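Everything on this sheet refers to the single structure shown next.
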Amino acid sequence: MHLSPCVYSAVSPYYRTKLRGLYTTAKADAEAECNILRKALDKIAEIKSLLEERRIAAKIAGLYNDSEPPRKTMRRGVLMTLLQQSAMTLPLWIGKPPPLCGAIPASGDYVAKPGDKVAARVKAVDGDEQWILAEVVSYSHATNKYEVDDIDEEGKERHTLSRRRIIPLPQWKANPETDPEALFQKEQLVLALYPQTTCFYRALIHTPPQRPQDDYSVLFEDTSYADGYSPPLNVAQRYVVACKEPKKK
């Protein structure tokens, strides 16, 4: 509740002091609640990280042994649902946005951890190159190269790639209401995960998110349309990263 200056001045000094005390108490209670929520989110992130570490350790320990039968490929519908859930549960950063929050890139010396999802530039069967959604298996400091698995063919397609072929995905959502500068802006060139696929394609930002739960609206490059771009499609913050390639003429 906000009191106008004229109403506030009419309040007696006693009640004015009491009102200030209530405001101070309410602010302290809100800050304490925020701290509890932050600790809970940190604990959830810690648990998720431990589960990822165990899963990756099991994978490295023998799930890819040549003597074992190949693992079943996950049904596409299940995979798409998991990717959507991952985007929806990406935590919202409160405070000054750090690297890997929204559109803010990773620091120059950042190394993605096993289990992290990344955009990876790989050679396709036809020899062309494409950006795919992949999962980090390991990183070699000796060679400065990653081993990653194609998220769509887990257990079948493993790639060894240099750091310049890897773009870490955001680890937190940026809040458009408090930190719009941490988001890609209209007409900015990006790589975005095309809906219902596991490949990233070049696109222009049509509309940035307006609320924390909103997606980007993007225009994918598509020569089948007269202006060279698709109609607007929604892509979550989780799956939009910077494109360093120049815009096509």
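Order determines the names: the first chain of the structure tokens is A, the second B, and so forth; residues in each chain are numbered 1 upward, and ligands are numbered 1 upward as they are shown.
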
Selection near Pro180 in chain A, 10 Å with only C-alpha atoms, sequence-local residues under 2 positions removed, as a PyMOL selection string: chain A and resi 102-103+174-178+182-185+208-211

Please dump the current selection as a tab-separated table (two decimals), in the first residue's frame; keep C-alpha atoms.
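Here's the written file part_4.tsv:
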chain	number	residue	atom	x	y	z
A	102	GLY	CA	19.93	-15.34	-20.97
A	103	ALA	CA	21.95	-13.89	-23.84
A	174	ALA	CA	17.04	-13.67	-17.61
A	175	ASN	CA	14.12	-11.65	-16.25
A	176	PRO	CA	12.80	-9.33	-19.01
A	177	GLU	CA	11.09	-7.12	-16.41
A	178	THR	CA	14.29	-6.31	-14.50
A	182	ALA	CA	20.49	-9.64	-20.66
A	183	LEU	CA	18.26	-10.80	-23.54
A	184	PHE	CA	18.73	-10.82	-27.31
A	185	GLN	CA	17.08	-7.82	-28.92
A	208	PRO	CA	12.13	-10.82	-27.08
A	209	PRO	CA	10.37	-12.29	-24.02
A	210	GLN	CA	8.22	-9.77	-22.17
A	211	ARG	CA	7.76	-11.83	-18.98

Å distance separating CA of Arg164 in chain A from CA of Arg76 in chain A, one decimal place: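 That distance, rounded to one decimal, is 28.7 Å.
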
Write down as a PyMOL selection string the residues belonging to range 9-231 of chain A that are assigned helix (DSSP H, G or I) by DSSP computed on the backbone. chain A and resi 9-10+13-63+76-88+151-153+163-165+180-182

Considering only C-alpha atoms, return as a ChimeraX atom specification whatever protein or nucleic-acid residues lie within 10 Å of Cys101 in chain A, sequence-local ones (same chain, fewer than 2 positions apart) excluded. /A:91-93,96-99,103-106,169-175,182-183,237-238
